[in-house]
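The structure appears below as structure tokens.
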Amino acid sequence: MLQNNITSSTDKISAPRNKTLTLKESEKNRLKKRLIQLESKANIESITNSTIIGDMQDVVSLFPDSFVDLLFLDPPYNLNKSFKGQKFKLQTAEKYEALLEGWLKPLLRLLKPAASIYICGDWRSAGAISNLAGKFFQIQNRITWEREKGRGAKNNWKNCSEDIWFCTMSKEYKFNVNAVKVRRKVIAPYRDMFKKPKDWTESSDGNYRLTSPSNLWNDITVPFWSMPENTEHPTQKPEKLLAKIILASSDKGDLIFDPFLGSGTTSVVAKKLDRQYLGIERELDYCLIAEKRLKLAAKEKRIQGFENGIFRERNS
């Protein structure tokens with residue numbers, strides 16, 4: 001456990017409709033006691049359902065073998081960016097691929113034979129991820145999801161999409177297709193010869209059809225200030241996105257591992273969906289945010305855009 005105290009400026013006062021999750025000074029030391037700082041070899045029981053603070057490559061060397069059912073890998077992207085005092089500089093594709101391989105290799109021994117792996121990246125890293133995924137795993141698909149937010153560009157197309165590479169350790173893996181079907185409005189409500197709905201449902205809520213999920217996701221809302229899941233993390237993944245991945249590629253009780261945890265979305269969604277979880281994050285503030293979200297998830301299991309086992313279209 002961590003020992004030193006945390007001090008900072010006074011608590012922030014937010015606008016009435018701003019639901020961004022922040023930390024109060026009175027919470028920090030209490031939440032800090034929930035974190036784990038590994039200094040020696042660990043067994044599965046001692047790290048399950050935990051947030052570990054530290055550098056990923058140092059920490060995973062202390063983990064046991066073959067215990068992860070689903071790996072969600074969301075490393076720093078290959079672009080110029082700085083936050084929390086860290087600077088990431090755009091590198092050549094070759095250098096980024098080497099960096100990515102350095103992160104990925106220590107994780108291989110942690111995966112079960114039937115584990116699934118999801119690797120996040122943008123268009124610049126597509127080649128590097130493809131090369132490494134093909135080297136270590138079986139590539140099943142590449143998901144592209146629309147980030148409806150994004151900076152405008154005067155001399156280029158607006159960049160508002162990201163990729164997630166879906167890989168597996170072998171040909172034997174889980175994919176629960178019925179758990180991730182999407183509820184869509186029916187545009188052409190065809191009826192059969194008995195005038196009954198043909199492959200769609202009629203309800204007081206409107207006409208809809210449950211459709212099989214594709215690798216193009218345009219129903220994801222990036223967290224923003226009026227959403228309870230929003231935090232101050234600059235690259236936070238939406239809970240709905242993780243819900244799709246976790247429901248499709250794991251069962252209740254499986255262990256979901258995120259070695260670049262950030263503000264904790266992967267662990268939070270795993271907990272809400274009755275999975276085991278484990279995350280590593282090097283920044284203390286983000287670890288504390290993750291623990292606060294996990295504490296709230298014990299009482300509030302709602303995931304925006306996912307109700308009664310059904311994924312809804314964006315803003316529906």
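As shown in the structure tokens, the chain order sets the letters A, B, ...; within each chain, residues go from 1, and ligands are also counted from 1 in the order they appear.
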Would you pick out the contacts of A:Val180 at 8 Å or less, using only C-alpha atoms, so that residues sharing its chain but fewer than 6 positions from it are not included, and give the list as a tab-separated table (two decimals) with N, CA and C atoms, in the first residue's frame?
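The resulting file, selection.tsv, is reproduced below:
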chain	number	residue	atom	x	y	z
A	212	SER	N	-27.18	-8.06	-36.07
A	212	SER	CA	-25.86	-8.57	-35.66
A	212	SER	C	-24.84	-7.44	-35.70
A	213	PRO	N	-23.87	-7.46	-34.79
A	213	PRO	CA	-22.90	-6.36	-34.72
A	213	PRO	C	-21.90	-6.44	-35.87
A	244	LYS	N	-19.32	-3.49	-25.12
A	244	LYS	CA	-19.42	-4.33	-26.31
A	244	LYS	C	-18.32	-5.40	-26.31
A	247	LEU	N	-18.69	-7.99	-23.21
A	247	LEU	CA	-19.81	-8.91	-23.37
A	247	LEU	C	-19.56	-9.91	-24.49
A	248	ALA	N	-18.94	-9.44	-25.58
A	248	ALA	CA	-18.70	-10.32	-26.73
A	248	ALA	C	-17.64	-11.37	-26.43
A	310	ILE	N	-29.65	-4.68	-24.26
A	310	ILE	CA	-29.70	-4.27	-25.66
A	310	ILE	C	-28.88	-3.00	-25.85
A	311	PHE	N	-28.05	-2.96	-26.91
A	311	PHE	CA	-27.32	-1.75	-27.28
A	311	PHE	C	-28.21	-0.90	-28.20
*asked:* Can you tell me, as a PyMOL selection string, which residues in stretch 77-242 of chain A count as helix (DSSP H, G or I) by DSSP?
replied: chain A and resi 93-110+123-136+177-180+239-242
Write out as a PDB file with C-alpha atoms, in the first residue's frame each polymer residue whose atoms come within 10 Å of A:Glu172, counting only C-alpha atoms; drop sequence neighbours fewer than 2 positions from it.
ATOM      1  CA  PRO A 113      -4.869 -20.352 -24.390  1.00  0.00           C
ATOM      2  CA  ALA A 114      -8.393 -19.218 -25.376  1.00  0.00           C
ATOM      3  CA  ALA A 115      -7.885 -15.534 -24.476  1.00  0.00           C
ATOM      4  CA  SER A 116      -9.022 -12.646 -26.658  1.00  0.00           C
ATOM      5  CA  THR A 168      -7.169 -14.287 -30.267  1.00  0.00           C
ATOM      6  CA  MET A 169      -4.540 -16.661 -28.984  1.00  0.00           C
ATOM      7  CA  SER A 170      -5.965 -19.541 -31.034  1.00  0.00           C
ATOM      8  CA  LYS A 174     -15.367 -16.893 -26.991  1.00  0.00           C
ATOM      9  CA  PHE A 175     -17.676 -14.689 -29.023  1.00  0.00           C
TER      10      PHE A 175
END
_All strand (DSSP E or B) positions in stretch 86-272 of chain A, as number ranges by chain_ = A: 86-88, 111-121, 138-146, 161-168, 182-185, 191, 197, 201, 208-211, 216-217, 255-258
Write to file, as a PDB file, in the first residue's frame, the residues of the selection just made, with C-alpha atoms.
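Below is the file that was written, out24.pdb:
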ATOM      1  CA  GLN A  86       4.714  13.289 -19.807  1.00  0.00           C
ATOM      2  CA  LYS A  87       5.503  14.011 -23.435  1.00  0.00           C
ATOM      3  CA  PHE A  88       4.882  11.637 -26.320  1.00  0.00           C
ATOM      4  CA  LEU A 111      -2.860 -14.938 -21.428  1.00  0.00           C
ATOM      5  CA  LYS A 112      -4.912 -18.104 -21.287  1.00  0.00           C
ATOM      6  CA  PRO A 113      -4.869 -20.352 -24.390  1.00  0.00           C
ATOM      7  CA  ALA A 114      -8.393 -19.218 -25.376  1.00  0.00           C
ATOM      8  CA  ALA A 115      -7.885 -15.534 -24.476  1.00  0.00           C
ATOM      9  CA  SER A 116      -9.022 -12.646 -26.658  1.00  0.00           C
ATOM     10  CA  ILE A 117      -6.967  -9.491 -27.199  1.00  0.00           C
ATOM     11  CA  TYR A 118      -8.149  -6.038 -28.280  1.00  0.00           C
ATOM     12  CA  ILE A 119      -5.493  -3.506 -29.314  1.00  0.00           C
ATOM     13  CA  CYS A 120      -6.382   0.175 -29.765  1.00  0.00           C
ATOM     14  CA  GLY A 121      -4.722   2.560 -32.190  1.00  0.00           C
ATOM     15  CA  GLN A 138      -4.547 -14.699 -34.800  1.00  0.00           C
ATOM     16  CA  ILE A 139      -6.171 -11.552 -36.168  1.00  0.00           C
ATOM     17  CA  GLN A 140      -9.945 -11.951 -36.321  1.00  0.00           C
ATOM     18  CA  ASN A 141     -11.031  -8.443 -37.340  1.00  0.00           C
ATOM     19  CA  ARG A 142     -10.378  -4.722 -37.170  1.00  0.00           C
ATOM     20  CA  ILE A 143     -13.090  -2.579 -35.617  1.00  0.00           C
ATOM     21  CA  THR A 144     -13.366   1.080 -36.595  1.00  0.00           C
ATOM     22  CA  TRP A 145     -15.358   3.296 -34.265  1.00  0.00           C
ATOM     23  CA  GLU A 146     -16.433   6.872 -34.815  1.00  0.00           C
ATOM     24  CA  SER A 161     -12.167   7.562 -36.013  1.00  0.00           C
ATOM     25  CA  GLU A 162     -10.042   5.017 -34.190  1.00  0.00           C
ATOM     26  CA  ASP A 163      -9.330   1.326 -34.707  1.00  0.00           C
ATOM     27  CA  ILE A 164      -9.445  -1.648 -32.366  1.00  0.00           C
ATOM     28  CA  TRP A 165      -7.804  -4.860 -33.544  1.00  0.00           C
ATOM     29  CA  PHE A 166      -9.617  -7.988 -32.390  1.00  0.00           C
ATOM     30  CA  CYS A 167      -7.186 -10.890 -31.942  1.00  0.00           C
ATOM     31  CA  THR A 168      -7.169 -14.287 -30.267  1.00  0.00           C
ATOM     32  CA  VAL A 182     -27.787  -3.608 -31.764  1.00  0.00           C
ATOM     33  CA  ARG A 183     -31.354  -2.295 -31.609  1.00  0.00           C
ATOM     34  CA  ARG A 184     -32.009  -0.232 -34.741  1.00  0.00           C
ATOM     35  CA  LYS A 185     -35.022   1.695 -35.974  1.00  0.00           C
ATOM     36  CA  ARG A 191     -44.710  -7.490 -43.418  1.00  0.00           C
ATOM     37  CA  PRO A 197     -43.707  -7.833 -38.966  1.00  0.00           C
ATOM     38  CA  THR A 201     -40.630  -5.913 -33.704  1.00  0.00           C
ATOM     39  CA  TYR A 208     -37.092  -1.814 -34.260  1.00  0.00           C
ATOM     40  CA  ARG A 209     -34.888  -4.697 -35.363  1.00  0.00           C
ATOM     41  CA  LEU A 210     -32.089  -6.467 -33.514  1.00  0.00           C
ATOM     42  CA  THR A 211     -29.132  -6.674 -35.878  1.00  0.00           C
ATOM     43  CA  LEU A 216     -18.073  -0.400 -37.935  1.00  0.00           C
ATOM     44  CA  TRP A 217     -19.310   1.252 -34.750  1.00  0.00           C
ATOM     45  CA  LEU A 255     -10.787 -11.802 -15.676  1.00  0.00           C
ATOM     46  CA  ILE A 256     -10.388  -8.632 -17.769  1.00  0.00           C
ATOM     47  CA  PHE A 257      -6.949  -7.000 -17.741  1.00  0.00           C
ATOM     48  CA  ASP A 258      -5.987  -3.473 -18.803  1.00  0.00           C
TER      49      ASP A 258
END
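Atom pair atom CA of A:Thr231 / atom CA of A:Ile303 has a distance of 15.1 Å (rounded to one decimal).
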*asked:* I'd like the neighbourhood of A:Glu300 as an NGL selection string, where a residue qualifies if any of its atoms comes within 12 Å (using only C-alpha atoms), though same-chain residues fewer than 4 positions away should be ignored.
replied: :A and (228-229 or 268-269 or 271-273 or 293-296 or 304)
Could those residues be written to a file, using N, CA and C atoms, as a JSON list (two decimals), in the first residue's frame?
[["chain", "number", "residue", "atom", "x", "y", "z"],
["A", 228, "PRO", "N", -22.23, 11.32, -16.50],
["A", 228, "PRO", "CA", -21.66, 10.91, -15.21],
["A", 228, "PRO", "C", -20.37, 10.13, -15.33],
["A", 229, "GLU", "N", -20.13, 9.44, -16.46],
["A", 229, "GLU", "CA", -18.90, 8.66, -16.60],
["A", 229, "GLU", "C", -17.69, 9.52, -16.96],
["A", 268, "VAL", "N", -14.12, -0.63, -14.48],
["A", 268, "VAL", "CA", -15.47, -0.23, -14.08],
["A", 268, "VAL", "C", -16.53, -1.02, -14.84],
["A", 269, "VAL", "N", -16.37, -1.13, -16.15],
["A", 269, "VAL", "CA", -17.35, -1.85, -16.95],
["A", 269, "VAL", "C", -17.31, -3.35, -16.64],
["A", 271, "LYS", "N", -16.63, -4.65, -13.79],
["A", 271, "LYS", "CA", -17.35, -4.80, -12.52],
["A", 271, "LYS", "C", -18.86, -4.72, -12.73],
["A", 272, "LYS", "N", -19.30, -3.76, -13.54],
["A", 272, "LYS", "CA", -20.73, -3.60, -13.80],
["A", 272, "LYS", "C", -21.33, -4.83, -14.48],
["A", 273, "LEU", "N", -20.51, -5.54, -15.25],
["A", 273, "LEU", "CA", -20.98, -6.70, -16.00],
["A", 273, "LEU", "C", -20.61, -8.02, -15.31],
["A", 293, "ARG", "N", -14.51, 5.55, -9.24],
["A", 293, "ARG", "CA", -15.51, 5.03, -10.18],
["A", 293, "ARG", "C", -15.90, 3.60, -9.82],
["A", 294, "LEU", "N", -14.94, 2.80, -9.40],
["A", 294, "LEU", "CA", -15.24, 1.43, -9.00],
["A", 294, "LEU", "C", -16.15, 1.39, -7.77],
["A", 295, "LYS", "N", -15.91, 2.30, -6.87],
["A", 295, "LYS", "CA", -16.75, 2.38, -5.68],
["A", 295, "LYS", "C", -18.18, 2.76, -6.06],
["A", 296, "LEU", "N", -18.33, 3.70, -6.97],
["A", 296, "LEU", "CA", -19.66, 4.10, -7.43],
["A", 296, "LEU", "C", -20.35, 2.99, -8.21],
["A", 304, "GLN", "N", -24.45, 3.95, -20.24],
["A", 304, "GLN", "CA", -25.20, 4.77, -21.19],
["A", 304, "GLN", "C", -25.25, 4.10, -22.56]]
Skip A:Arg124 itself and residues of its chain fewer than 3 positions away, then list as a CSV table (one decimal) with C-alpha atoms, in the first residue's frame all residues within 9 Å of it, counting only C-alpha atoms.
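Okay, this is what ended up in around_14.csv:
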chain,number,residue,atom,x,y,z
A,77,TYR,CA,-0.7,6.5,-29.6
A,78,ASN,CA,2.0,7.5,-32.0
A,79,LEU,CA,1.4,11.3,-32.0
A,93,ALA,CA,6.5,3.6,-37.9
A,121,GLY,CA,-4.7,2.6,-32.2
A,127,GLY,CA,0.8,-1.0,-39.8
A,128,ALA,CA,2.7,-1.5,-36.6
_Residues near stretch 29-46 of chain A, cut-off 12 Å, only C-alpha atoms, skip fewer than 5 positions along chain, as a PyMOL selection string_ = chain A and resi 1-8+23-24+51-56+58-68+110+255+276-295
Writer output for current selection, C-alpha atoms, as an mmCIF file, in the first residue's frame:
data_model
loop_
_atom_site.group_PDB
_atom_site.id
_atom_site.type_symbol
_atom_site.label_atom_id
_atom_site.label_comp_id
_atom_site.auth_asym_id
_atom_site.auth_seq_id
_atom_site.Cartn_x
_atom_site.Cartn_y
_atom_site.Cartn_z
ATOM 1 C CA MET A 1 0.000 0.000 0.000
ATOM 2 C CA LEU A 2 1.031 3.601 -0.531
ATOM 3 C CA GLN A 3 2.073 5.625 2.493
ATOM 4 C CA ASN A 4 2.719 9.268 1.582
ATOM 5 C CA ASN A 5 -0.035 11.872 1.848
ATOM 6 C CA ILE A 6 -1.634 13.661 -1.076
ATOM 7 C CA THR A 7 -2.004 17.408 -1.078
ATOM 8 C CA SER A 8 -3.288 19.780 -3.736
ATOM 9 C CA LEU A 23 -11.656 14.043 -6.537
ATOM 10 C CA LYS A 24 -12.278 15.913 -3.311
ATOM 11 C CA THR A 51 -5.859 -1.192 -9.303
ATOM 12 C CA ILE A 52 -2.074 -1.393 -9.251
ATOM 13 C CA ILE A 53 0.019 1.754 -9.393
ATOM 14 C CA GLY A 54 3.312 1.505 -11.229
ATOM 15 C CA ASP A 55 4.999 1.088 -14.583
ATOM 16 C CA MET A 56 3.370 -1.650 -16.622
ATOM 17 C CA ASP A 58 7.857 -3.570 -14.067
ATOM 18 C CA VAL A 59 4.557 -4.709 -12.602
ATOM 19 C CA VAL A 60 3.671 -7.516 -15.048
ATOM 20 C CA SER A 61 6.997 -9.230 -14.352
ATOM 21 C CA LEU A 62 5.580 -9.978 -10.888
ATOM 22 C CA PHE A 63 2.371 -11.584 -12.186
ATOM 23 C CA PRO A 64 1.674 -15.333 -12.437
ATOM 24 C CA ASP A 65 1.292 -17.108 -15.793
ATOM 25 C CA SER A 66 -1.856 -17.768 -17.816
ATOM 26 C CA PHE A 67 -4.658 -16.084 -15.846
ATOM 27 C CA VAL A 68 -6.082 -13.431 -18.223
ATOM 28 C CA LEU A 110 -0.255 -13.892 -18.848
ATOM 29 C CA LEU A 255 -10.787 -11.802 -15.676
ATOM 30 C CA GLN A 276 -13.242 -9.911 -12.483
ATOM 31 C CA TYR A 277 -10.839 -7.083 -13.302
ATOM 32 C CA LEU A 278 -7.245 -5.949 -12.977
ATOM 33 C CA GLY A 279 -5.659 -2.683 -14.074
ATOM 34 C CA ILE A 280 -2.269 -0.992 -13.987
ATOM 35 C CA GLU A 281 -1.797 2.772 -14.132
ATOM 36 C CA ARG A 282 1.330 4.822 -13.424
ATOM 37 C CA GLU A 283 -0.367 8.163 -12.646
ATOM 38 C CA LEU A 284 -1.649 8.435 -9.078
ATOM 39 C CA ASP A 285 -4.525 10.815 -9.847
ATOM 40 C CA TYR A 286 -5.922 8.474 -12.489
ATOM 41 C CA CYS A 287 -5.593 5.503 -10.136
ATOM 42 C CA LEU A 288 -7.649 7.399 -7.569
ATOM 43 C CA ILE A 289 -10.288 8.343 -10.152
ATOM 44 C CA ALA A 290 -10.486 4.687 -11.169
ATOM 45 C CA GLU A 291 -11.017 3.619 -7.569
ATOM 46 C CA LYS A 292 -13.710 6.245 -7.047
ATOM 47 C CA ARG A 293 -15.510 5.029 -10.185
ATOM 48 C CA LEU A 294 -15.239 1.425 -8.998
ATOM 49 C CA LYS A 295 -16.752 2.381 -5.677
#
*Excluding A:Asp274 and any residue of its chain fewer than 4 positions from it, enumerate the residues within 9 Å of it, using only C-alpha atoms, and give them as a ChimeraX atom specification.*
/A:251-254,269-270
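Atom to atom, atom CA of A:Asp219 and atom CA of A:Asn178 stand 17.4 Å apart.
Taking atom CA of A:Lys105 and atom CA of A:Gly134 as endpoints, the distance between them is 13.2 Å.
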_Please determine, counting only C-alpha atoms, which residue among A:Lys95, A:Phe72, A:Phe260, A:Lys171 has the shortest atom-to-atom distance to A:Ile245._
A:Phe72
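Of the residues listed (A:Trp225, A:Leu90, A:Asn156, A:Asp74), A:Asp74 shows the shortest atom-to-atom separation from A:Gly262; distances use only C-alpha atoms.
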